[in-house]
Amino acid sequence: MFAEWFIVSYATHAARALPQSQAISATSPASAITGVSAITPATSVASPVAPLTATLPSQVPLPPVQTWCPSKIFCPGAILQTVNLAELWSDPKTFVDKPTDSDQQSVLAAFAPINSTNATEGAVLSFVDDNFGGEGLELEAQALPSFNANPPFLKNVTDPLLKAFAQVVHGYWTQLIRGTNSSALCDGVKCVSTLIPLNHTFVVPGGRFREQYYWDSFWIIEGLIQSQLFDIANDTLQNFMDEIETFGYIPNGGRIYYLNRSQPPMFIWMLANYVAASNDTSILHRALPLAELELTWWKNNRSLNVTSPYTNTTYTLSRYAVTNSAPRPESYLTDYMTANDPTLGTPLDEPQRAELYSELASAAETGWDFSTRFVSRPLAGGTNNTGSALRSLNVKNHIPVDLNCILYKSNLILADIYSSGSHINSTAAAQHTATAASIRAGILDLFWDPSKLAFYDFNLTSNSRNSFFSVATFYPLWVGIIPDELMSSSTNAFGFFSSVNMALRRYNGTYPTTFVNSGLQWDAPNAWPPHQYITMQALMALPDNVSSGAIPQPPKGKSGFALVPEGQLGLQENDLLRQPTSNGKNASSTGSRADINALDGTFVNGGNATAGERWRDALARGLANRYFTSALCSWHSTGGSIPGLLPRLTDQQLNVSQSINNTGNMFEKFSVLDIDSGGSGGEYTVQAGFGWTNGVVLWVASTFGEQLIAPECPDPLVEASILNGVGSQKNGAFPGRLSVGSSVLSRLALLLATALQLLIM
């Protein structure tokens, strides 16, 4: 059915849309009991930034037609560019998620009178209002017949408040589950859309992410497994298998505008975790050939041979590299401005713009869109002008340590499956074992720096290992690749994880993606749920013999930074973000006074130390508690409450986050500086929902339940005054509540961009 639908409706661009996810409520007992979502679809109302009589800014020439995205409405072309320049919504994704009200030819005919040289704001608004429906109305909430309000994992959590909170989060699956609304489906005649249809129910991440996403689903499935919702985990995998059958790979997300890229390839991992938890080996009959097909796609489209400058050995490794020469449809205006904003320096010519668009799409394929990890000039525009940094993206010339670790483990998983049970295939097992061994050798040769005790990406531009440190350093241990230097020395093993200790001593939150404050959302101060999971898993992978003893203490007068191997972070201590404190100032940038969250054997909001606890376990316990702290405190500060255990904040306190009418948000990312809020930065506002956040909460509850201690959450009024008082390092704004840049300024920049482009044509 899936393949037949796609052959017919991809040609006519028919698809389906998902409902807009609302803020998640802690007070939805009906959904918790019945397993039926209480959320109703909502659509965005256009809010033009200019008078309706205003003429749109002149446009640079249209980019080339993208063969992978043939729609004349929703793919790069005249309609998409004109609607984006009108800035009808703050989020460019809104338009491309709207189904039309009629067939494609009728919409094209309605657009024909709108001349790009004199189109007005009002004309574009009328065109959209007359020809498009609301985003998110072609899918509907589904019941969860197998939902159990009291899953067994809750017994692992001993603290009453945290058990109740974990139960609330468990209940959110009922609000994020989606299925097809057959009465509203587009057929290419009555309407067309961008949604790739799915035959099975699935969990949406939340917020603007109205469709199924690839790597998000790994942590969603981790949570579904804890909730024993095996049927939904199976449905998710079946959807991915449908996509592999149709496309040969799994797209970034469930829209046709994602068809030029994938995401970190976690399908085989999800499959293995599901089978291990459910004992459903029957799925392997269909899944194994498709798993092989996906790996073949990555090999054929994303691999290359790399000869090591260190050993002269050649390895076949993989990278992210998307064929694309136009702005991403879901971020069209953002990419258009990155390429054409005259304030960013010399205007780009067409080949330069095309290459930049390819880099932007490749960065999106990494899942880290965007981070200075892949940027040649990380702070070219400071923290207020990220466009300058993005113009120097160099993703395609990076061989990423995390991607190759994922593919290494995928091959090991398949080798293991082919070595036992009813799917024995000694030839396939040997092939995957050999592939994994080669990738492992390449990881240790190209990425591992034994002097700095860290893994770094390999840069093809310089033909050398990068020195940029990120949380990706923990992926090899997560997949079981532990260098000899760590296996033979407890001192070195701690040195590898010393930045985790430093972050827990220094900051209120968890572990940042990088330690560079660039303004990009996959940099400091943001901390993402998947990375906390990976860091905890990496810690637990360390053998007992090199993780014994208490957490080492820094020399007198020094901070935890002194325990980090020289050069590992690539930064000086005074380059690190400073934690705002209760006296309205920042903590010290260096020395022992920087470690304002260090306690004897533990950390503030890091749980309780126990006698004889290994430093490995203390760090994992501390990070687990901090993750729960970030999730719970930010949820509480946005209206969450639990009767008898956690009273609702006052309206004055909730007004800090504009949450008087809210009932608690689960954010997609957090701030290491402010546990009362979600993260900040990026090309869209912080999202609530949120699939992978919830999944990691449930995994942490199940894994560390007995070690979790109820946190002390800051008073939002006090914290707001503190952060506003030290706002110089936060761009003068409250973290997690940042607004998008001025639309008026962006419109002026568009006019300047066009004028300069015309001058150089």
# chains A, B, ... in the order shown; residues from 1 in each chain; ligands from 1
$ residues_around --residues "A:Asn545" --least-positions-apart "3" --cutoff "9 Å" --atoms "only C-alpha atoms" --output "list in words"
Met487, Ser488, Ser489, Ser490, Leu542 and Ser548 of chain A
$ select_by_dssp --residues "stretch 195-284 of chain A" --states "strand (DSSP E or B)" --output "list in words"
Leu195, Phe202, Val203, Gly206, Phe209, Tyr213, Gly253 and Arg255 of chain A
$ closest_residue --among "A:Asn150, A:Ser659, A:Thr372, A:Gln59" --to "A:Asp341" --atoms "only C-alpha atoms"
A:Gln59
$ residues_around --residues "stretch 325-327 of chain A" --least-positions-apart "3" --cutoff "7 Å" --atoms "only C-alpha atoms" --output "ChimeraX atom specification"
/A:63-64,76,331-332,335-336,354-355,357-358
$ residues_around --residues "stretch 465-474 of chain A" --least-positions-apart "5" --cutoff "8 Å" --atoms "only C-alpha atoms" --output "list in words"
Arg373, Val401, Asp402, Leu446, Phe447, Ala454, Phe455, Tyr456, Asp457, Phe458, Asn459, Pro512, Thr513, Thr514, Phe515, His531, Ile534, Thr535, Ala538, Gln568, Leu569 and Gly570 of chain A
$ atom_distance --atom1 "atom CA of A:Phe202" --atom2 "atom CA of A:Asn239"
8.1 Å
$ closest_residue --among "A:Leu224, A:Val479, A:Val49, A:Leu708" --to "A:Arg440" --atoms "only C-alpha atoms"
A:Val479
$ residues_around --residues "stretch 99-108 of chain A" --least-positions-apart "2" --cutoff "7 Å" --atoms "only C-alpha atoms" --output "ChimeraX atom specification"
/A:17,97,110-112,131-133,135,188-193
$ atom_distance --atom1 "atom CA of A:Glu566" --atom2 "atom CA of A:Phe496"
11.4 Å
$ closest_residue --among "A:Val60, A:Leu646, A:Leu393, A:Leu139" --to "A:Glu350" --atoms "only C-alpha atoms"
A:Val60
$ closest_residue --among "A:Trp478, A:Trp528, A:Phe267, A:Phe374" --to "A:Leu295" --atoms "only C-alpha atoms"
A:Phe267
$ residues_around --residues "A:Gly560" --least-positions-apart "2" --cutoff "9 Å" --atoms "only C-alpha atoms" --output "short mmCIF file (atom, residue, chain, number, x, y, z; two decimals) with N, CA, C and O atoms, in the first residue's frame"
data_model
loop_
_atom_site.label_atom_id
_atom_site.label_comp_id
_atom_site.auth_asym_id
_atom_site.auth_seq_id
_atom_site.Cartn_x
_atom_site.Cartn_y
_atom_site.Cartn_z
N SER A 498 36.70 13.75 32.47
CA SER A 498 36.89 14.86 33.42
C SER A 498 36.04 16.07 33.10
O SER A 498 35.69 16.85 33.99
N SER A 499 35.68 16.26 31.83
CA SER A 499 34.85 17.41 31.49
C SER A 499 33.43 17.24 32.02
O SER A 499 32.73 18.24 32.26
N ASN A 501 32.75 15.83 34.97
CA ASN A 501 32.95 16.28 36.35
C ASN A 501 33.02 17.81 36.41
O ASN A 501 32.39 18.45 37.26
N MET A 502 33.76 18.41 35.49
CA MET A 502 33.90 19.86 35.46
C MET A 502 32.54 20.54 35.27
O MET A 502 32.21 21.50 35.97
N ALA A 503 31.73 20.02 34.33
CA ALA A 503 30.43 20.64 34.05
C ALA A 503 29.49 20.51 35.24
O ALA A 503 28.77 21.47 35.57
N ARG A 505 30.30 20.28 38.39
CA ARG A 505 30.78 21.15 39.46
C ARG A 505 30.49 22.62 39.15
O ARG A 505 30.26 23.42 40.05
N ARG A 506 30.51 22.96 37.87
CA ARG A 506 30.52 24.36 37.45
C ARG A 506 29.11 24.91 37.16
O ARG A 506 28.83 26.08 37.44
N GLN A 553 39.82 15.12 43.36
CA GLN A 553 39.61 16.52 43.72
C GLN A 553 40.70 17.39 43.08
O GLN A 553 41.86 16.99 42.99
N PRO A 554 40.34 18.59 42.63
CA PRO A 554 41.34 19.48 42.04
C PRO A 554 42.31 20.00 43.09
O PRO A 554 42.00 19.99 44.29
N PRO A 555 43.48 20.47 42.68
CA PRO A 555 44.43 21.06 43.63
C PRO A 555 43.80 22.24 44.35
O PRO A 555 42.85 22.88 43.87
N LYS A 558 42.07 25.50 42.89
CA LYS A 558 41.76 25.26 41.48
C LYS A 558 40.33 24.72 41.34
O LYS A 558 39.73 24.24 42.29
N ALA A 562 41.06 22.08 36.21
CA ALA A 562 42.45 21.68 36.40
C ALA A 562 42.65 20.18 36.21
O ALA A 562 43.78 19.73 35.98
N LEU A 563 41.56 19.40 36.30
CA LEU A 563 41.66 17.96 36.14
C LEU A 563 41.48 17.51 34.69
O LEU A 563 41.65 16.33 34.38
N VAL A 564 41.12 18.45 33.82
CA VAL A 564 40.94 18.13 32.40
C VAL A 564 42.31 18.08 31.73
O VAL A 564 43.13 18.99 31.90
N GLY A 591 39.44 29.16 38.94
CA GLY A 591 39.71 28.84 40.33
C GLY A 591 38.55 28.16 41.03
O GLY A 591 37.49 27.91 40.45
N SER A 592 38.74 27.85 42.30
CA SER A 592 37.77 27.06 43.05
C SER A 592 36.41 27.73 43.14
O SER A 592 35.39 27.05 43.28
N ALA A 594 34.79 29.00 40.88
CA ALA A 594 33.99 28.68 39.69
C ALA A 594 33.14 27.44 39.93
O ALA A 594 32.10 27.26 39.29
N ASP A 595 33.56 26.58 40.87
CA ASP A 595 32.87 25.32 41.13
C ASP A 595 31.79 25.50 42.18
O ASP A 595 31.83 24.92 43.27
#
$ residues_around --residues "A:Ser634" --least-positions-apart "6" --cutoff "8 Å" --atoms "only C-alpha atoms" --output "MDAnalysis selection string"
chainID A and resid 664:667 675:678
